[in-house]
Amino acid sequence: MKKLNVAMIGGGFMGKAHALAYAAMPMFFWPAPAIPVRKIVVDVTEAMAADASDRFGFEEASTDWRAVVERRDIDVVDICTPNNSHAEIAIAAARAGKHIICEKPLARTGDEARSMYEAVKGGTSIHMVAFNYRRTPAVALARKLIDEDRIGEILNFRGTYLQDWSADPDAPLSWRFQKDIAGSGTVGDIGTHVIDFARYLVGEFAAVSAVTKTHIHERPKQAGGVDKLGVGGDRNAERGKVDVDDEMLTMIRFRNGAIGSIEATRNGWGRNNFLTFEVHGTKGSLAFNYERRDELQVMFKDDAADARGFRTVYTGPAQPYGEGLWPIPALGIGYGETKIIECYDFFQAITTGEQPSPNFEDGWRISMIADAILKSGKTGEWVELE
């Protein structure tokens, strides 16, 4: 069986998730399309790189991503760094002919994302953006039911992504609150996941009309370079400026005539990872809540009158990806499994030579939508998307 050497750039939280997927993917999906070899991990200091290598099972460690990308024995470059380095690493990897998977959002801006897409367009690199939530079997099942015309013509999409990890004003100043690193706040960090759902399930956006707001304008500066995601920190430390959005709400006009809305915040006390959607069609409706990720709520127009209403489908062997996961419905799908499925689809694409979805073109289009939402949030006007 073919083996592909992986260089992972970044050994933090996302690096852990990706490393787990590389180790576990062949155990879940056997025979695997190819075997990921955890060859080398790169981090900002020698100590951090060595620690990541030991923790995540990589053969080597380095602090020089440029030299690693140029190595002839590296097949896959995995970008798990903050957003401001995505473009530089991806473009170098594309020029070196590597296959590339990049964490979301693809870039800080639409223009930056486009430069990444242009670097891979027409080349030999297989490229993917890691919007892993669409790999949840219940979400893939929703897409299957839509493709089968089970809910008819789509009329409306409503999506939310509500979290509370940054609701505390004394939470540390993560890079995610800094525009020069992150590009945007809630819009890019979590809103793009819902944008990906909307494009995946409904189609392309035609225009958006948005409200954006920053609730907390200063936060305590954090010590060290590790992203603490709102945990810990010194409330008495010197404070730094927050220059990104904390919350957004947007209306959507889709190209196919459907309408919709997306709401996203990282300041919603009591909401942990409340990523949801409802899709309403002429023949039925679908509803999903990631906090109950084994379940898809379905309702069909032709249900008997005395049994109308949403019913729960528990995902398992009969649903998408079920053959590789657990043998009993509702046994439990976690965040790690979505990354394992993502890894499987990526390596399958490398093996077949067919670009996966979402790829860098999708990532660019999503970044353009994010830009339009931010622009509308400033102007208060509808922004059309080309």
# chains A, B, ... in the order shown; residues from 1 in each chain; ligands from 1
$ select_by_dssp --residues "stretch 333-378 of chain A" --states "alpha helix (DSSP H)" --output "number ranges by chain"
A: 335-352, 360-378
$ write_last_selection --atoms "C-alpha atoms" --output "PDB file, in the first residue's frame"
ATOM      1  CA  TYR A 335     -14.721  15.944  16.669  1.00  0.00           C
ATOM      2  CA  GLY A 336     -11.871  13.502  16.081  1.00  0.00           C
ATOM      3  CA  GLU A 337     -13.968  11.369  13.748  1.00  0.00           C
ATOM      4  CA  THR A 338     -14.751  14.383  11.558  1.00  0.00           C
ATOM      5  CA  LYS A 339     -11.018  14.924  11.169  1.00  0.00           C
ATOM      6  CA  ILE A 340     -10.479  11.230  10.424  1.00  0.00           C
ATOM      7  CA  ILE A 341     -13.117  11.390   7.673  1.00  0.00           C
ATOM      8  CA  GLU A 342     -11.528  14.586   6.341  1.00  0.00           C
ATOM      9  CA  CYS A 343      -8.154  12.818   6.224  1.00  0.00           C
ATOM     10  CA  TYR A 344      -9.709   9.868   4.386  1.00  0.00           C
ATOM     11  CA  ASP A 345     -11.312  12.103   1.759  1.00  0.00           C
ATOM     12  CA  PHE A 346      -8.066  14.044   1.285  1.00  0.00           C
ATOM     13  CA  PHE A 347      -5.930  10.937   0.804  1.00  0.00           C
ATOM     14  CA  GLN A 348      -8.593   9.413  -1.433  1.00  0.00           C
ATOM     15  CA  ALA A 349      -8.372  12.537  -3.606  1.00  0.00           C
ATOM     16  CA  ILE A 350      -4.588  12.269  -3.775  1.00  0.00           C
ATOM     17  CA  THR A 351      -4.913   8.647  -4.861  1.00  0.00           C
ATOM     18  CA  THR A 352      -7.501   9.344  -7.570  1.00  0.00           C
ATOM     19  CA  PHE A 360      -8.759  26.170  -2.497  1.00  0.00           C
ATOM     20  CA  GLU A 361     -11.316  27.488  -4.990  1.00  0.00           C
ATOM     21  CA  ASP A 362     -14.043  26.941  -2.396  1.00  0.00           C
ATOM     22  CA  GLY A 363     -11.822  28.521   0.245  1.00  0.00           C
ATOM     23  CA  TRP A 364     -11.349  31.588  -1.947  1.00  0.00           C
ATOM     24  CA  ARG A 365     -15.104  31.908  -2.593  1.00  0.00           C
ATOM     25  CA  ILE A 366     -15.827  31.592   1.130  1.00  0.00           C
ATOM     26  CA  SER A 367     -13.222  34.275   1.870  1.00  0.00           C
ATOM     27  CA  MET A 368     -14.894  36.564  -0.665  1.00  0.00           C
ATOM     28  CA  ILE A 369     -18.225  36.030   1.090  1.00  0.00           C
ATOM     29  CA  ALA A 370     -16.571  36.824   4.426  1.00  0.00           C
ATOM     30  CA  ASP A 371     -15.167  40.040   2.933  1.00  0.00           C
ATOM     31  CA  ALA A 372     -18.633  40.963   1.667  1.00  0.00           C
ATOM     32  CA  ILE A 373     -20.162  40.387   5.113  1.00  0.00           C
ATOM     33  CA  LEU A 374     -17.530  42.605   6.729  1.00  0.00           C
ATOM     34  CA  LYS A 375     -18.078  45.295   4.091  1.00  0.00           C
ATOM     35  CA  SER A 376     -21.826  45.181   4.560  1.00  0.00           C
ATOM     36  CA  GLY A 377     -21.342  45.350   8.321  1.00  0.00           C
ATOM     37  CA  LYS A 378     -19.539  48.673   7.850  1.00  0.00           C
TER      38      LYS A 378
END
$ residues_around --residues "A:Val37" --least-positions-apart "2" --cutoff "7 Å" --atoms "only C-alpha atoms" --output "VMD selection string"
chain A and resid 3 to 6 35 39
$ write_last_selection --atoms "N, CA and C atoms" --output "mmCIF file, in the first residue's frame"
data_model
loop_
_atom_site.group_PDB
_atom_site.id
_atom_site.type_symbol
_atom_site.label_atom_id
_atom_site.label_comp_id
_atom_site.auth_asym_id
_atom_site.auth_seq_id
_atom_site.Cartn_x
_atom_site.Cartn_y
_atom_site.Cartn_z
ATOM 1 N N LYS A 3 2.526 4.769 0.670
ATOM 2 C CA LYS A 3 2.721 5.602 1.842
ATOM 3 C C LYS A 3 3.043 7.028 1.387
ATOM 4 N N LEU A 4 2.495 8.011 2.104
ATOM 5 C CA LEU A 4 2.719 9.413 1.786
ATOM 6 C C LEU A 4 3.257 10.118 3.017
ATOM 7 N N ASN A 5 4.415 10.757 2.863
ATOM 8 C CA ASN A 5 5.070 11.440 3.974
ATOM 9 C C ASN A 5 4.442 12.816 4.195
ATOM 10 N N VAL A 6 4.058 13.079 5.448
ATOM 11 C CA VAL A 6 3.370 14.316 5.810
ATOM 12 C C VAL A 6 4.308 15.224 6.589
ATOM 13 N N ILE A 35 -1.329 5.314 3.162
ATOM 14 C CA ILE A 35 -0.964 5.373 4.579
ATOM 15 C C ILE A 35 -0.256 6.689 4.860
ATOM 16 N N LYS A 39 5.900 12.275 9.152
ATOM 17 C CA LYS A 39 7.331 12.401 8.894
ATOM 18 C C LYS A 39 7.995 13.498 9.718
#
$ residues_around --residues "A:Pro172" --least-positions-apart "2" --cutoff "12 Å" --atoms "only C-alpha atoms" --output "PyMOL selection string"
chain A and resi 165-170+174-178+216+218-242
$ write_last_selection --atoms "C-alpha atoms" --output "CSV table (one decimal), in the first residue's frame"
chain,number,residue,atom,x,y,z
A,165,TRP,CA,-15.2,31.1,25.0
A,166,SER,CA,-14.5,34.8,24.4
A,167,ALA,CA,-17.5,36.3,26.4
A,168,ASP,CA,-15.2,37.0,29.4
A,169,PRO,CA,-13.6,40.4,28.9
A,170,ASP,CA,-10.6,39.2,31.0
A,174,SER,CA,-5.4,35.4,21.5
A,175,TRP,CA,-4.2,36.0,18.0
A,176,ARG,CA,-7.8,35.4,17.0
A,177,PHE,CA,-8.6,38.9,18.2
A,178,GLN,CA,-5.9,40.6,16.1
A,216,ILE,CA,-14.9,43.9,24.0
A,218,GLU,CA,-9.4,45.4,24.9
A,219,ARG,CA,-8.1,42.2,26.5
A,220,PRO,CA,-5.1,41.2,28.7
A,221,LYS,CA,-2.0,40.4,26.7
A,222,GLN,CA,-1.1,36.8,27.1
A,223,ALA,CA,2.4,35.5,27.8
A,224,GLY,CA,4.0,33.0,25.4
A,225,GLY,CA,3.0,32.1,21.8
A,226,VAL,CA,0.4,29.4,22.6
A,227,ASP,CA,-3.1,30.2,21.6
A,228,LYS,CA,-5.1,29.9,24.9
A,229,LEU,CA,-8.6,30.3,23.3
A,230,GLY,CA,-9.9,32.4,26.1
A,231,VAL,CA,-8.6,30.1,28.9
A,232,GLY,CA,-6.3,31.3,31.7
A,233,GLY,CA,-4.2,34.4,31.4
A,234,ASP,CA,-3.6,37.2,33.8
A,235,ARG,CA,-6.5,39.7,34.2
A,236,ASN,CA,-4.1,42.2,35.6
A,237,ALA,CA,-1.7,42.1,32.6
A,238,GLU,CA,-1.3,45.0,30.2
A,239,ARG,CA,-4.2,45.1,27.8
A,240,GLY,CA,-4.1,45.1,24.1
A,241,LYS,CA,-6.5,46.2,21.4
A,242,VAL,CA,-9.1,44.0,19.9
$ atom_distance --atom1 "atom CA of A:Val44" --atom2 "atom CA of A:Ala107"
19.8 Å
$ closest_residue --among "A:Leu201, A:Ala87, A:Ala142, A:Ala130" --to "A:Val313" --atoms "only C-alpha atoms"
A:Ala142
